[in-house]
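To keep things clear, I will list the structure first and then write my remarks on it.
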Amino acid sequence: MTNPSASASPLVTVERVHAAQAIAEETGVDLLVLTPGADLRYLCGYDAHAMERLTALAVPRTGEPFLVVPRLEAPMVDASPAGALGLELLAWDETDDAFAVLASAATARLGSAPSRVGVGSRTWAEHALGVQRALPGSTLEVASPVIDRLRMVKTPAEVEELALAGAAIDRVHARMGEWLRVGRTEAEVGADIAAAILAEGHVGVDFTIVGSGPNGASPHHELSGRTVEAGDVVVVDIGGETPTGYRSDCTRTYVVGGSAPAEVAEWYEVLHAAQLAGTAAVRPGATCEQIDAAARQVIDDAGWGEYFIHRTGHGIGLDTHEAPYIVAGNDLPLESGMAFSVEPGIYLPGRVGARIEDIVVCTDDGVRVLNNGPRELVELPG
């Protein structure tokens, strides 16, 4: 079903679906089944709500891809960018077995039941098991080896969406002195930051990490009732979703109501140098683990290596965390268009922590940095 009035998205084309089909055929995957989430939105532009009723894009190795959706949601699909792609829409009723509908249509297109079925890595278990039940002779596997090959390499239009997201989150960091003050709780600061993320053009807040004092030593600290004290070092890691679904993610570290202790200032300079080294190493052909090593080596050489306790970065796009992952053991070579974070950190348990994070894009001749606020330890008056 094609709806000529559906609003097409400049970021989504039917060629994406066909590219996934070509990779499936190349890798021997007979059928891809993508349920609500970033994979579905990436391939066809439908930002579906995840629920117990099955919604799925089915991409057989041969034959035409199709959408299986609850009939009550068919108008929403048709009005979305997916409606402009010309995909067949199979609407199922409440008394139908949606998984049988999917299995029957896929088998008809393939000429026989599929042997290998790739499901999205974040598909609900009840949906994956429903597919397995409807195709009892098939072997289920994650679809990531197929879909990630597409999603990892951003088009110029996607890069510009990430750049807009990065600029918006930079504007939020630039206002931190309005909220991050002595005597306020992390939760109070976080609420103000969340409101600003929306005011700067995001449609959703993914996270607001405000780790003050000893809480900064926990990389994924949750907002708490701790009151910011004079001289606290505070890690602020924030991000959200833009109207097109692309994400922001940027970390800066602040000292409030005073100057950083000499020891902190010393190792923060090491951290700053590590972040610059990791960014400078980005170029086509360099591997993900080489970028991790470039940042990590600086911290190791200065004697702080045991306090850098996570990978150097993660890919970003329609998900905040997606491939490629910038970590030891990942020998994937970078390609122009890959977007990811470079975010080394140093964390002294129970005492203090710091992290510097930018989103970068590998380009034909090096790297483009999408966050441009100061990376030095920013002193706020408090």
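In the structure tokens, the first chain shown is A, the next is B, and so on; residue numbers restart at 1 for each chain, and ligands run from 1 in the order shown.
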Contacts of His18 (chain A) at 10 Å (only C-alpha atoms; same-chain gap of 3+ positions) as a list in words: Thr13, Val14, Glu15, Gln21, Ala22, Ile23, Ala24, Leu43, Val59, Arg61, Glu64 and Pro65 of chain A
Could the residues in this selection be written to a file with N, CA and C atoms, as a PDB file, in the first residue's frame?
```pdb
ATOM      1  N   THR A  13      14.885   6.205   2.494  1.00  0.00           N
ATOM      2  CA  THR A  13      14.523   5.840   1.127  1.00  0.00           C
ATOM      3  C   THR A  13      14.333   4.331   1.063  1.00  0.00           C
ATOM      4  N   VAL A  14      13.594   3.884   0.067  1.00  0.00           N
ATOM      5  CA  VAL A  14      13.379   2.446  -0.085  1.00  0.00           C
ATOM      6  C   VAL A  14      14.685   1.734  -0.414  1.00  0.00           C
ATOM      7  N   GLU A  15      15.670   2.491  -0.895  1.00  0.00           N
ATOM      8  CA  GLU A  15      16.979   1.887  -1.191  1.00  0.00           C
ATOM      9  C   GLU A  15      17.615   1.300   0.065  1.00  0.00           C
ATOM     10  N   GLN A  21      18.402  -6.009   2.100  1.00  0.00           N
ATOM     11  CA  GLN A  21      18.077  -7.264   1.413  1.00  0.00           C
ATOM     12  C   GLN A  21      19.308  -7.817   0.699  1.00  0.00           C
ATOM     13  N   ALA A  22      20.073  -6.938   0.071  1.00  0.00           N
ATOM     14  CA  ALA A  22      21.272  -7.380  -0.646  1.00  0.00           C
ATOM     15  C   ALA A  22      22.309  -7.953   0.320  1.00  0.00           C
ATOM     16  N   ILE A  23      22.472  -7.318   1.486  1.00  0.00           N
ATOM     17  CA  ILE A  23      23.436  -7.829   2.463  1.00  0.00           C
ATOM     18  C   ILE A  23      22.952  -9.156   3.035  1.00  0.00           C
ATOM     19  N   ALA A  24      21.639  -9.283   3.259  1.00  0.00           N
ATOM     20  CA  ALA A  24      21.087 -10.555   3.735  1.00  0.00           C
ATOM     21  C   ALA A  24      21.391 -11.669   2.742  1.00  0.00           C
ATOM     22  N   LEU A  43      15.259   1.779   8.626  1.00  0.00           N
ATOM     23  CA  LEU A  43      15.014   1.190   7.315  1.00  0.00           C
ATOM     24  C   LEU A  43      13.792   1.782   6.606  1.00  0.00           C
ATOM     25  N   VAL A  59      11.977  -8.561   5.670  1.00  0.00           N
ATOM     26  CA  VAL A  59      12.793  -8.412   4.465  1.00  0.00           C
ATOM     27  C   VAL A  59      13.305  -9.791   4.070  1.00  0.00           C
ATOM     28  N   ARG A  61      15.124 -12.610   1.701  1.00  0.00           N
ATOM     29  CA  ARG A  61      16.327 -12.561   0.863  1.00  0.00           C
ATOM     30  C   ARG A  61      15.977 -12.320  -0.592  1.00  0.00           C
ATOM     31  N   GLU A  64       9.628  -9.265  -2.487  1.00  0.00           N
ATOM     32  CA  GLU A  64       9.413  -7.907  -1.990  1.00  0.00           C
ATOM     33  C   GLU A  64       9.293  -7.854  -0.463  1.00  0.00           C
ATOM     34  N   PRO A  65       9.970  -6.900   0.166  1.00  0.00           N
ATOM     35  CA  PRO A  65       9.787  -6.685   1.610  1.00  0.00           C
ATOM     36  C   PRO A  65       8.355  -6.243   1.907  1.00  0.00           C
TER      37      PRO A  65
END
```
Exercise: Leu90 (chain A) partners within 7 Å, only C-alpha atoms, chain neighbours under 6 positions left out, as a tab-separated table (two decimals) with C-alpha atoms, in the first residue's frame:
```tsv
chain	number	residue	atom	x	y	z
A	67	LEU	CA	5.20	-4.62	6.76
A	68	VAL	CA	3.04	-6.58	9.20
A	69	VAL	CA	1.04	-4.26	11.48
```
Got a sec: who's within 10 Å of Gly329 (chain A), counting only C-alpha atoms, leaving out chain neighbours fewer than 5 positions off, as a PDB file with all heavy atoms, in the first residue's frame?
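Once everything was written out, this is out_20.pdb:
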```pdb
ATOM      1  N   THR A 287      41.636   1.287  13.024  1.00  0.00           N
ATOM      2  CA  THR A 287      40.654   0.397  13.623  1.00  0.00           C
ATOM      3  C   THR A 287      40.076   1.013  14.891  1.00  0.00           C
ATOM      4  O   THR A 287      40.673   1.899  15.505  1.00  0.00           O
ATOM      5  CB  THR A 287      41.272  -0.964  13.968  1.00  0.00           C
ATOM      6  OG1 THR A 287      42.278  -0.773  14.971  1.00  0.00           O
ATOM      7  CG2 THR A 287      41.884  -1.617  12.733  1.00  0.00           C
ATOM      8  N   CYS A 288      38.933   0.489  15.267  1.00  0.00           N
ATOM      9  CA  CYS A 288      38.296   0.978  16.496  1.00  0.00           C
ATOM     10  C   CYS A 288      39.216   0.799  17.697  1.00  0.00           C
ATOM     11  O   CYS A 288      39.310   1.682  18.561  1.00  0.00           O
ATOM     12  CB  CYS A 288      36.984   0.238  16.724  1.00  0.00           C
ATOM     13  SG  CYS A 288      35.697   0.619  15.503  1.00  0.00           S
ATOM     14  N   GLU A 289      39.898  -0.343  17.763  1.00  0.00           N
ATOM     15  CA  GLU A 289      40.773  -0.565  18.913  1.00  0.00           C
ATOM     16  C   GLU A 289      41.992   0.347  18.880  1.00  0.00           C
ATOM     17  O   GLU A 289      42.541   0.684  19.941  1.00  0.00           O
ATOM     18  CB  GLU A 289      41.185  -2.039  19.004  1.00  0.00           C
ATOM     19  CG  GLU A 289      42.005  -2.561  17.858  1.00  0.00           C
ATOM     20  CD  GLU A 289      42.331  -4.049  18.017  1.00  0.00           C
ATOM     21  OE1 GLU A 289      41.963  -4.629  19.073  1.00  0.00           O
ATOM     22  OE2 GLU A 289      42.956  -4.619  17.107  1.00  0.00           O
ATOM     23  N   GLN A 290      42.414   0.808  17.723  1.00  0.00           N
ATOM     24  CA  GLN A 290      43.521   1.760  17.661  1.00  0.00           C
ATOM     25  C   GLN A 290      43.129   3.124  18.223  1.00  0.00           C
ATOM     26  O   GLN A 290      43.955   3.803  18.844  1.00  0.00           O
ATOM     27  CB  GLN A 290      44.017   1.898  16.219  1.00  0.00           C
ATOM     28  CG  GLN A 290      44.817   0.688  15.739  1.00  0.00           C
ATOM     29  CD  GLN A 290      45.171   0.768  14.267  1.00  0.00           C
ATOM     30  OE1 GLN A 290      44.479   1.424  13.468  1.00  0.00           O
ATOM     31  NE2 GLN A 290      46.242   0.081  13.879  1.00  0.00           N
ATOM     32  N   ASP A 292      40.861   3.526  20.602  1.00  0.00           N
ATOM     33  CA  ASP A 292      40.852   3.276  22.038  1.00  0.00           C
ATOM     34  C   ASP A 292      42.271   3.309  22.598  1.00  0.00           C
ATOM     35  O   ASP A 292      42.528   3.939  23.636  1.00  0.00           O
ATOM     36  CB  ASP A 292      40.203   1.919  22.315  1.00  0.00           C
ATOM     37  CG  ASP A 292      40.168   1.564  23.790  1.00  0.00           C
ATOM     38  OD1 ASP A 292      39.214   1.985  24.466  1.00  0.00           O
ATOM     39  OD2 ASP A 292      41.107   0.893  24.267  1.00  0.00           O
TER      40      ASP A 292
END
```
Every residue of region 215-356 of chain A that DSSP places in alpha helix (DSSP H), as a VMD selection string: chain A and resid 262 to 280 288 to 301
Picked from region 13-192 of chain A by DSSP as strand (DSSP E or B), as a ChimeraX atom specification: /A:31-34,56-60,66-70,88-92,116-119,139-142,153,185
Near-Ala196 (chain A) list (10 Å; only C-alpha atoms; drop same-chain fewer than 3 positions) as a PyMOL selection string: chain A and resi 168-169+171-173+175-176+190-193+199-202+205
Pick from A:Val342, A:Val236, A:Ala108, A:Ala50 nearest to Arg122 (chain A), counting only C-alpha atoms: A:Ala50
Region 310-318 of chain A environment, 6 Å, only C-alpha atoms, sequence neighbours closer than 6 positions dropped, as JSON, numbers by chain: {"A": [38, 245, 246, 247, 292, 324, 325, 326, 327, 339, 340, 341, 342, 343, 344]}
Residues from the last selection, N, CA, C and O atoms, saved as a PDB file, in the first residue's frame:
```pdb
ATOM      1  N   ALA A  38      15.050   1.373  16.683  1.00  0.00           N
ATOM      2  CA  ALA A  38      15.850   2.163  15.749  1.00  0.00           C
ATOM      3  C   ALA A  38      16.052   1.460  14.411  1.00  0.00           C
ATOM      4  O   ALA A  38      16.107   2.115  13.366  1.00  0.00           O
ATOM      5  N   GLY A 245      15.031  11.959  15.229  1.00  0.00           N
ATOM      6  CA  GLY A 245      15.428  10.736  15.910  1.00  0.00           C
ATOM      7  C   GLY A 245      16.906  10.623  16.206  1.00  0.00           C
ATOM      8  O   GLY A 245      17.320   9.688  16.907  1.00  0.00           O
ATOM      9  N   TYR A 246      17.711  11.535  15.694  1.00  0.00           N
ATOM     10  CA  TYR A 246      19.156  11.462  15.918  1.00  0.00           C
ATOM     11  C   TYR A 246      19.505  12.035  17.287  1.00  0.00           C
ATOM     12  O   TYR A 246      18.794  12.886  17.830  1.00  0.00           O
ATOM     13  N   ARG A 247      20.605  11.554  17.858  1.00  0.00           N
ATOM     14  CA  ARG A 247      20.885  11.759  19.271  1.00  0.00           C
ATOM     15  C   ARG A 247      22.087  12.679  19.507  1.00  0.00           C
ATOM     16  O   ARG A 247      22.984  12.783  18.663  1.00  0.00           O
ATOM     17  N   ASP A 292      40.861   3.526  20.602  1.00  0.00           N
ATOM     18  CA  ASP A 292      40.852   3.276  22.038  1.00  0.00           C
ATOM     19  C   ASP A 292      42.271   3.309  22.598  1.00  0.00           C
ATOM     20  O   ASP A 292      42.528   3.939  23.636  1.00  0.00           O
ATOM     21  N   PRO A 324      29.752   1.665  15.575  1.00  0.00           N
ATOM     22  CA  PRO A 324      30.860   0.848  16.072  1.00  0.00           C
ATOM     23  C   PRO A 324      31.236   1.203  17.509  1.00  0.00           C
ATOM     24  O   PRO A 324      31.060   2.341  17.941  1.00  0.00           O
ATOM     25  N   TYR A 325      31.781   0.203  18.225  1.00  0.00           N
ATOM     26  CA  TYR A 325      32.222   0.425  19.596  1.00  0.00           C
ATOM     27  C   TYR A 325      33.741   0.581  19.619  1.00  0.00           C
ATOM     28  O   TYR A 325      34.467  -0.235  19.038  1.00  0.00           O
ATOM     29  N   ILE A 326      34.192   1.633  20.266  1.00  0.00           N
ATOM     30  CA  ILE A 326      35.611   1.994  20.278  1.00  0.00           C
ATOM     31  C   ILE A 326      36.241   1.354  21.498  1.00  0.00           C
ATOM     32  O   ILE A 326      36.295   1.944  22.596  1.00  0.00           O
ATOM     33  N   VAL A 327      36.707   0.131  21.317  1.00  0.00           N
ATOM     34  CA  VAL A 327      37.122  -0.688  22.458  1.00  0.00           C
ATOM     35  C   VAL A 327      38.206  -1.670  22.015  1.00  0.00           C
ATOM     36  O   VAL A 327      38.248  -2.076  20.845  1.00  0.00           O
ATOM     37  N   ALA A 339      30.190   7.593  12.840  1.00  0.00           N
ATOM     38  CA  ALA A 339      30.064   8.599  13.899  1.00  0.00           C
ATOM     39  C   ALA A 339      30.100   7.898  15.251  1.00  0.00           C
ATOM     40  O   ALA A 339      29.436   6.880  15.445  1.00  0.00           O
ATOM     41  N   PHE A 340      30.870   8.456  16.185  1.00  0.00           N
ATOM     42  CA  PHE A 340      31.018   7.820  17.491  1.00  0.00           C
ATOM     43  C   PHE A 340      31.564   8.821  18.496  1.00  0.00           C
ATOM     44  O   PHE A 340      32.020   9.914  18.132  1.00  0.00           O
ATOM     45  N   SER A 341      31.524   8.434  19.763  1.00  0.00           N
ATOM     46  CA  SER A 341      32.059   9.287  20.819  1.00  0.00           C
ATOM     47  C   SER A 341      33.527   8.969  21.061  1.00  0.00           C
ATOM     48  O   SER A 341      33.990   7.856  20.829  1.00  0.00           O
ATOM     49  N   VAL A 342      34.252   9.973  21.541  1.00  0.00           N
ATOM     50  CA  VAL A 342      35.589   9.790  22.092  1.00  0.00           C
ATOM     51  C   VAL A 342      35.502  10.359  23.506  1.00  0.00           C
ATOM     52  O   VAL A 342      35.380  11.570  23.686  1.00  0.00           O
ATOM     53  N   GLU A 343      35.522   9.476  24.522  1.00  0.00           N
ATOM     54  CA  GLU A 343      35.177   9.907  25.874  1.00  0.00           C
ATOM     55  C   GLU A 343      35.978   9.196  26.966  1.00  0.00           C
ATOM     56  O   GLU A 343      35.418   8.479  27.796  1.00  0.00           O
ATOM     57  N   PRO A 344      37.284   9.397  26.994  1.00  0.00           N
ATOM     58  CA  PRO A 344      38.044   8.825  28.103  1.00  0.00           C
ATOM     59  C   PRO A 344      37.652   9.469  29.428  1.00  0.00           C
ATOM     60  O   PRO A 344      37.156  10.599  29.472  1.00  0.00           O
TER      61      PRO A 344
END
```
